[in-house]
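**Q** If it helps, the file is called query-v7.cif and holds mmCIF, C-alpha atoms and all ligand atoms:
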```cif
data_structure
loop_
_atom_site.label_atom_id
_atom_site.label_comp_id
_atom_site.auth_asym_id
_atom_site.auth_seq_id
_atom_site.Cartn_x
_atom_site.Cartn_y
_atom_site.Cartn_z
CA MET S 42 22.92 -19.91 12.43
CA ILE S 43 19.78 -18.77 10.60
CA LYS S 44 19.13 -18.73 6.89
CA ARG S 45 16.14 -16.68 5.83
CA LYS S 46 13.95 -17.24 2.77
CA ASN S 47 14.93 -14.97 -0.11
CA LYS S 48 11.39 -13.81 -0.78
CA GLY S 49 10.24 -10.29 -1.51
CA ASP S 50 7.23 -8.68 0.12
CA LEU S 51 4.22 -7.24 -1.63
CA ILE S 52 3.43 -3.98 0.15
CA VAL S 53 0.06 -2.34 -0.41
CA ILE S 54 -0.22 1.32 0.56
CA SER S 55 -3.53 3.18 0.60
CA GLY S 56 -4.79 6.42 2.01
CA PRO S 57 -6.79 9.45 0.94
CA SER S 58 -5.40 11.66 -1.83
CA GLY S 59 -3.21 14.27 -0.19
CA CYS S 60 -2.23 12.08 2.79
CA GLY S 61 1.33 11.99 1.44
CA LYS S 62 1.53 8.31 0.50
CA ASP S 63 3.42 8.98 -2.75
CA THR S 64 5.99 11.17 -0.97
CA ILE S 65 6.49 8.54 1.72
CA CYS S 66 7.05 5.91 -0.97
CA TYR S 67 9.53 8.05 -2.91
CA LYS S 68 11.53 8.50 0.31
CA LEU S 69 11.43 4.73 0.84
CA PHE S 70 12.90 4.20 -2.64
CA GLU S 71 15.82 6.43 -1.58
CA ILE S 72 16.58 4.48 1.58
CA ARG S 73 15.66 0.90 0.68
CA GLU S 74 17.45 -1.30 -1.78
CA ASN S 75 15.44 -3.83 -3.76
CA LEU S 76 12.19 -1.90 -3.59
CA VAL S 77 10.25 -1.66 -6.83
CA LYS S 78 7.19 0.48 -7.55
CA SER S 79 4.41 -1.11 -9.50
CA ILE S 80 3.33 1.31 -12.22
CA SER S 81 -0.44 1.33 -12.59
CA LEU S 82 -2.52 1.78 -15.69
CA THR S 83 -5.07 4.56 -15.65
CA THR S 84 -7.64 6.13 -17.96
CA ARG S 85 -7.28 9.45 -16.10
CA THR S 86 -5.93 12.46 -18.03
CA LYS S 87 -2.19 12.98 -17.51
CA ARG S 88 -1.19 15.97 -15.39
CA ASP S 89 1.47 18.33 -16.80
CA TYR S 90 4.20 17.19 -14.43
CA GLU S 91 3.53 13.47 -14.86
CA ILE S 92 5.56 11.14 -17.06
CA ASP S 93 3.90 8.33 -18.98
CA GLY S 94 5.52 5.04 -17.97
CA LYS S 95 6.92 6.47 -14.75
CA ASP S 96 3.95 7.82 -12.80
CA TYR S 97 1.34 5.76 -14.63
CA TYR S 98 0.74 4.16 -17.99
CA PHE S 99 -1.93 6.46 -19.39
CA VAL S 100 -4.27 4.42 -21.58
CA SER S 101 -7.63 4.79 -23.29
CA GLU S 102 -10.72 3.15 -21.82
CA GLU S 103 -10.67 0.66 -24.72
CA GLU S 104 -7.08 -0.37 -23.95
CA PHE S 105 -7.99 -0.72 -20.28
CA GLN S 106 -11.01 -2.92 -21.07
CA ASN S 107 -8.78 -5.13 -23.23
CA LYS S 108 -6.36 -5.57 -20.34
CA ILE S 109 -9.27 -6.65 -18.12
CA LYS S 110 -10.52 -9.09 -20.77
CA ASN S 111 -7.07 -10.62 -21.24
CA GLY S 112 -6.67 -11.12 -17.48
CA ASP S 113 -3.59 -8.86 -17.42
CA LEU S 114 -4.52 -7.04 -14.21
CA LEU S 115 -3.95 -8.18 -10.63
CA GLU S 116 -6.72 -5.79 -9.59
CA TYR S 117 -8.55 -2.76 -10.95
CA ALA S 118 -11.14 -0.28 -9.76
CA ILE S 119 -13.00 2.85 -10.71
CA VAL S 120 -11.54 5.41 -8.33
CA HIS S 121 -13.40 8.55 -7.18
CA GLN S 122 -16.38 7.40 -9.27
CA LYS S 123 -14.58 8.42 -12.43
CA ASP S 124 -11.45 6.83 -13.87
CA TYR S 125 -10.17 3.29 -14.12
CA TYR S 126 -6.94 2.38 -12.33
CA GLY S 127 -5.34 -1.06 -12.34
CA THR S 128 -2.22 -3.00 -11.42
CA PRO S 129 -0.54 -4.94 -14.24
CA LYS S 130 0.33 -8.36 -12.93
CA ASP S 131 2.95 -9.42 -15.49
CA LYS S 132 6.18 -8.74 -13.62
CA ILE S 133 5.12 -8.55 -9.97
CA PHE S 134 5.49 -12.21 -9.03
CA ASP S 135 8.83 -12.61 -10.86
CA ILE S 136 10.18 -9.60 -8.98
CA LEU S 137 9.00 -11.04 -5.65
CA LYS S 138 10.67 -14.38 -6.46
CA GLN S 139 13.96 -12.52 -7.02
CA GLY S 140 13.75 -11.39 -3.38
CA LYS S 141 12.78 -7.80 -4.22
CA ASP S 142 9.87 -5.99 -2.58
CA VAL S 143 7.06 -4.46 -4.64
CA ILE S 144 4.96 -1.48 -3.56
CA LEU S 145 1.43 -0.96 -4.84
CA ILE S 146 -0.02 2.49 -4.15
CA ILE S 147 -3.68 1.74 -4.72
CA ASP S 148 -7.13 2.52 -3.36
CA ILE S 149 -9.04 0.40 -0.87
CA GLN S 150 -11.17 -1.43 -3.47
CA GLY S 151 -7.98 -2.60 -5.16
CA ALA S 152 -6.33 -3.40 -1.84
CA LEU S 153 -9.21 -5.69 -0.87
CA LYS S 154 -8.95 -7.53 -4.19
CA VAL S 155 -5.21 -8.01 -3.66
CA LYS S 156 -5.95 -9.31 -0.16
CA GLU S 157 -8.18 -12.04 -1.63
CA LYS S 158 -5.55 -13.13 -4.12
CA TYR S 159 -2.40 -12.58 -2.06
CA PRO S 160 -3.29 -12.47 1.65
CA GLU S 161 0.36 -12.52 2.74
CA ALA S 162 0.84 -8.98 1.39
CA ILE S 163 1.41 -6.21 3.95
CA PHE S 164 -1.43 -3.68 4.02
CA ILE S 165 -0.55 -0.20 5.27
CA PHE S 166 -3.01 2.69 5.52
CA ILE S 167 -1.64 6.24 5.64
CA LEU S 168 -3.75 8.86 7.44
CA PRO S 169 -3.39 12.63 7.32
CA PRO S 170 -3.08 14.33 10.73
CA SER S 171 -6.59 15.81 10.28
CA ILE S 172 -9.23 16.41 7.62
CA SER S 173 -8.62 20.18 7.73
CA GLU S 174 -4.90 19.59 7.09
CA LEU S 175 -5.83 17.29 4.19
CA LYS S 176 -8.07 20.02 2.73
CA LYS S 177 -5.18 22.51 2.98
CA ARG S 178 -2.79 20.09 1.22
CA LEU S 179 -5.24 19.31 -1.59
CA ILE S 180 -5.99 22.99 -2.22
CA LYS S 181 -2.26 23.83 -2.19
CA ARG S 182 -1.53 20.95 -4.59
CA ASN S 183 -3.95 22.59 -7.03
CA THR S 184 -4.34 19.56 -9.30
CA ASP S 185 -8.11 19.25 -9.01
CA ASN S 186 -11.05 21.46 -9.86
CA LYS S 187 -13.85 21.88 -7.34
CA GLU S 188 -15.84 18.96 -8.75
CA ALA S 189 -12.84 16.60 -8.46
CA LEU S 190 -12.15 17.79 -4.91
CA VAL S 191 -15.74 17.06 -3.90
CA ARG S 192 -15.41 13.53 -5.38
CA ARG S 193 -12.17 12.96 -3.44
CA PHE S 194 -13.70 14.15 -0.16
CA LYS S 195 -16.73 11.90 -0.68
CA SER S 196 -14.43 8.84 -0.93
CA ILE S 197 -12.53 9.65 2.25
CA TYR S 198 -15.13 8.57 4.80
CA LYS S 199 -15.75 5.26 3.00
CA GLU S 200 -12.03 4.51 2.87
CA ILE S 201 -11.23 5.39 6.47
CA ASN S 202 -14.24 3.40 7.61
CA GLU S 203 -12.54 0.22 6.33
CA ILE S 204 -9.20 0.85 7.97
CA ASN S 205 -9.53 -2.33 10.04
CA LYS S 206 -8.98 -4.40 6.86
CA TYR S 207 -5.36 -3.21 6.87
CA ASN S 208 -2.51 -4.51 9.05
CA TYR S 209 -0.94 -1.17 9.93
CA VAL S 210 -1.86 2.49 10.09
CA VAL S 211 0.62 5.35 9.93
CA VAL S 212 -0.36 8.98 10.61
CA ASN S 213 1.61 11.33 8.38
CA ASP S 214 1.91 14.34 10.68
CA ASN S 215 5.66 14.50 10.16
CA LEU S 216 7.14 13.15 6.93
CA ASP S 217 10.43 11.80 8.36
CA ASP S 218 8.60 10.11 11.17
CA ALA S 219 6.04 8.54 8.81
CA VAL S 220 8.85 7.29 6.52
CA TYR S 221 10.70 5.86 9.52
CA LYS S 222 7.60 3.99 10.70
CA THR S 223 6.65 2.67 7.27
CA ASN S 224 10.22 1.49 6.73
CA ALA S 225 10.17 -0.22 10.13
CA ILE S 226 6.96 -2.07 9.19
CA ILE S 227 8.58 -3.36 5.99
CA GLU S 228 11.80 -4.28 7.79
CA SER S 229 10.00 -6.16 10.56
CA GLN S 230 8.43 -8.55 8.02
CA LYS S 231 11.90 -9.82 7.14
CA LEU S 232 12.45 -10.83 10.78
CA ARG S 233 9.33 -12.97 11.10
CA VAL S 234 9.88 -16.50 12.34
CA ASP S 235 8.02 -17.94 9.35
CA ARG S 236 10.73 -16.44 7.13
CA ILE S 237 13.35 -18.80 8.49
CA GLU S 238 14.35 -21.32 5.87
CA GLU S 239 17.02 -23.15 7.84
CA PHE S 240 17.79 -23.15 11.49
CA ASP S 241 20.98 -25.06 12.23
CA LEU S 242 19.98 -26.54 15.58
CA ASP S 243 22.83 -29.11 15.49
CA SER S 244 25.53 -26.44 15.40
CA ILE S 245 23.76 -24.47 18.14
CA GLU S 246 23.72 -27.60 20.30
CA GLU S 247 27.42 -28.09 19.64
CA GLU S 248 28.22 -24.48 20.50
CA ILE S 249 26.23 -24.73 23.74
CA HIS S 250 28.19 -27.87 24.58
CA GLU S 251 31.50 -26.06 23.95
CA ALA S 252 30.38 -23.03 25.93
CA LEU S 253 29.66 -25.26 28.91
CA ILE S 254 33.14 -26.85 28.89
CA ASP S 255 35.12 -23.82 30.01
CA LEU S 256 32.48 -22.22 32.20
P1 LIG L 1 -4.45 10.09 -8.61
O1 LIG L 1 -5.53 10.31 -9.64
O2 LIG L 1 -4.44 11.17 -7.57
O3 LIG L 1 -3.10 9.81 -9.20
O4 LIG L 1 -4.84 8.74 -7.84
C1 LIG L 1 -6.07 8.58 -7.28
C2 LIG L 1 -6.09 7.31 -6.46
O5 LIG L 1 -6.01 6.18 -7.31
C3 LIG L 1 -4.91 7.19 -5.52
O6 LIG L 1 -5.32 7.52 -4.22
C4 LIG L 1 -4.47 5.76 -5.61
O7 LIG L 1 -4.57 5.11 -4.38
C5 LIG L 1 -5.44 5.12 -6.59
N1 LIG L 1 -4.74 4.22 -7.51
C6 LIG L 1 -3.60 4.49 -8.21
N2 LIG L 1 -3.24 3.40 -8.91
C7 LIG L 1 -4.15 2.44 -8.67
C8 LIG L 1 -4.32 1.08 -9.10
O8 LIG L 1 -3.55 0.52 -9.88
N3 LIG L 1 -5.41 0.42 -8.62
C9 LIG L 1 -6.30 0.97 -7.76
N4 LIG L 1 -7.30 0.23 -7.33
N5 LIG L 1 -6.16 2.24 -7.32
C10 LIG L 1 -5.11 2.96 -7.77
#
```
Output the structure of this file as structure tokens.
Ligand code: 5GP
**A**
Amino acid sequence: MIKRKNKGDLIVISGPSGCGKDTICYKLFEIRENLVKSISLTTRTKRDYEIDGKDYYFVSEEEFQNKIKNGDLLEYAIVHQKDYYGTPKDKIFDILKQGKDVILIIDIQGALKVKEKYPEAIFIFILPPSISELKKRLIKRNTDNKEALVRRFKSIYKEINEINKYNYVVVNDNLDDAVYKTNAIIESQKLRVDRIEEFDLDSIEEEIHEALIDL
């Protein structure tokens, strides 16, 4: 009766460091088919547990500047007043055309740039249950020295203050619940009326006619 457009969604996820956005996304990759993570470029130093080409492409500042010059990035930003992060644009639009969804886990500056270029993307902001819980998580994670933690906390207010630029907000007070809600947001996009490519009204009319005959 209905044929839907085979078009992937660009999903932009932001939220303060430690809000659990990466964990939510990794769970989504387990439960959703056709979901692809965009791997960002960064000039930040690699952490011990990170894999180059999987978590990020770790590049020098010179390489990053070249990417900017060549127009290779969909968006980029200096995050936490320190390192460059950017989204390579090469494959994203081909993947979307194949009907697969792409997730960008990026900060608000990047999200706003994506919104200008691709307003039909879905913008989701993940919040921690409270700032004190966020502090606990960041200290437990133990990936930042005090100076880096201070920088992260200074960005939080600015980011949360712009939450109204997003379409959805999910509070991560329970991981399963947050994954369920984020998945539901992605799934609901597929059901939008503007995703209908063909609506066979003639056959519906015929079926209504038949249904009326033996009433
Ligand atoms: P981390 O250094 O903890 O891996 O990431 C710091 C922040 O950088 C994350 O909160 C994430 O949102 C942001 N980020 C990661 N990749 C990108 C990107 O490609 N572009 C932008 N604008 N931000 C990014």
**Q** Would you tabulate, counting only C-alpha atoms and all ligand atoms, all residues of chain S that have an atom at most 7 Å from an atom of ligand LIG 1 (chain L), showing the closest pair of atoms and their distance in Å to one decimal, sorted by chain then ascending number, as CSV?
**A**
```
residue,atom,partner,partner_atom,distance
S:Ser55,CA,L:LIG1,O7,5.4
S:Gly56,CA,L:LIG1,O6,6.3
S:Pro57,CA,L:LIG1,O6,5.7
S:Ser58,CA,L:LIG1,O6,4.8
S:Ser81,CA,L:LIG1,O8,4.2
S:Leu82,CA,L:LIG1,O8,6.0
S:Arg85,CA,L:LIG1,O1,6.7
S:Glu116,CA,L:LIG1,N3,6.4
S:Tyr117,CA,L:LIG1,N4,4.9
S:Ala118,CA,L:LIG1,N4,4.6
S:Val120,CA,L:LIG1,O5,5.7
S:Tyr126,CA,L:LIG1,C8,4.4
S:Gly127,CA,L:LIG1,O8,3.4
S:Thr128,CA,L:LIG1,O8,4.1
S:Ile146,CA,L:LIG1,O7,5.3
S:Ile147,CA,L:LIG1,O7,3.5
S:Asp148,CA,L:LIG1,O7,3.8
S:Ile149,CA,L:LIG1,N4,6.7
S:Gln150,CA,L:LIG1,N4,5.7
S:Gly151,CA,L:LIG1,N4,3.6
S:Ala152,CA,L:LIG1,N4,6.7
```
**Q** Which one of S:Leu216, S:Ile144, S:Leu137, S:Ile226 sits closest to Lys68 (chain S) if you count only C-alpha atoms?
**A**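 So, comparing all the options, the nearest one is S:Leu216.
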**Q** Hey, can you check how far CA of Arg45 (chain S) sits from CA of Lys130 (chain S)?
**A**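 Distance between the two atoms: 25.9 Å.
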**Q** For Thr86 (chain S), which residue among S:Asp214, S:Gly140, S:Thr184, S:Leu168 is the nearest when counting all atoms listed in the file?
**A**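 Looking only at the distances to Thr86 (chain S), the closest residue turns out to be S:Thr184.
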**Q** Name the residues in contact with Thr223 (chain S) at a cut-off of 9 Å, using all atoms listed in the file, excluding same-chain residues fewer than 6 positions from it; report them as a list of chain:residue names.
**A**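 Near Thr223 (chain S), the qualifying residues are S:Ile65, S:Cys66, S:Leu69, S:Ile165, S:Tyr209, S:Val210, S:Val211.
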**Q** Quick one: pull the distance between CA of Arg73 (chain S) and CA of Lys231 (chain S), Å, one decimal.
**A**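 Computing the Euclidean distance for CA of Arg73 (chain S) and CA of Lys231 (chain S) yields 13.1 Å.
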**Q** Mind checking which residues fall within 10 Å of Arg236 (chain S), counting all atoms listed in the file, ignoring those fewer than 3 positions away in the same chain, and posting them as a PyMOL selection string?
**A** chain S and resi 43-48+230-233+239
**Q** Using only C-alpha atoms, which of S:Leu179, S:Asn213, S:Met42, S:Asn186 sits nearest Ser244 (chain S)?
**A**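 So, comparing all the options, the nearest one is S:Met42.
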**Q** One number please: CA of Lys222 (chain S) to CA of Lys154 (chain S), in Å, one decimal.
**A**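 Calculated distance between CA of Lys222 (chain S) and CA of Lys154 (chain S) is 25.1 Å.
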**Q** Would you please work out which residue, of S:Asp142, S:Asp235, S:Asp63, S:Glu203, is nearest to Val220 (chain S) when using only C-alpha atoms?
**A** S:Asp63
**Q** When distances are computed from only C-alpha atoms, which of S:Ile163, S:Ile109, S:Cys60, S:Leu51 shows the smallest separation from Ile136 (chain S)?
**A** S:Leu51
**Q** Can you work out which one of S:Asp50, S:Asp96, S:Glu91, S:Asp124 has the shortest atom-to-atom distance to Asn75 (chain S), counting only C-alpha atoms?
**A**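 Closest to Asn75 (chain S) of all the choices is S:Asp50.
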**Q** Quick one: what's the axis-aligned box for region 191-208 of chain S, all listed atoms, 5 Å on every side, centre and edges in Å to one decimal, as lines of an AutoDock Vina configuration file?
**A**
```
center_x = -9.6
center_y = 6.3
center_z = 2.3
size_x = 24.2
size_y = 31.6
size_z = 25.4
```
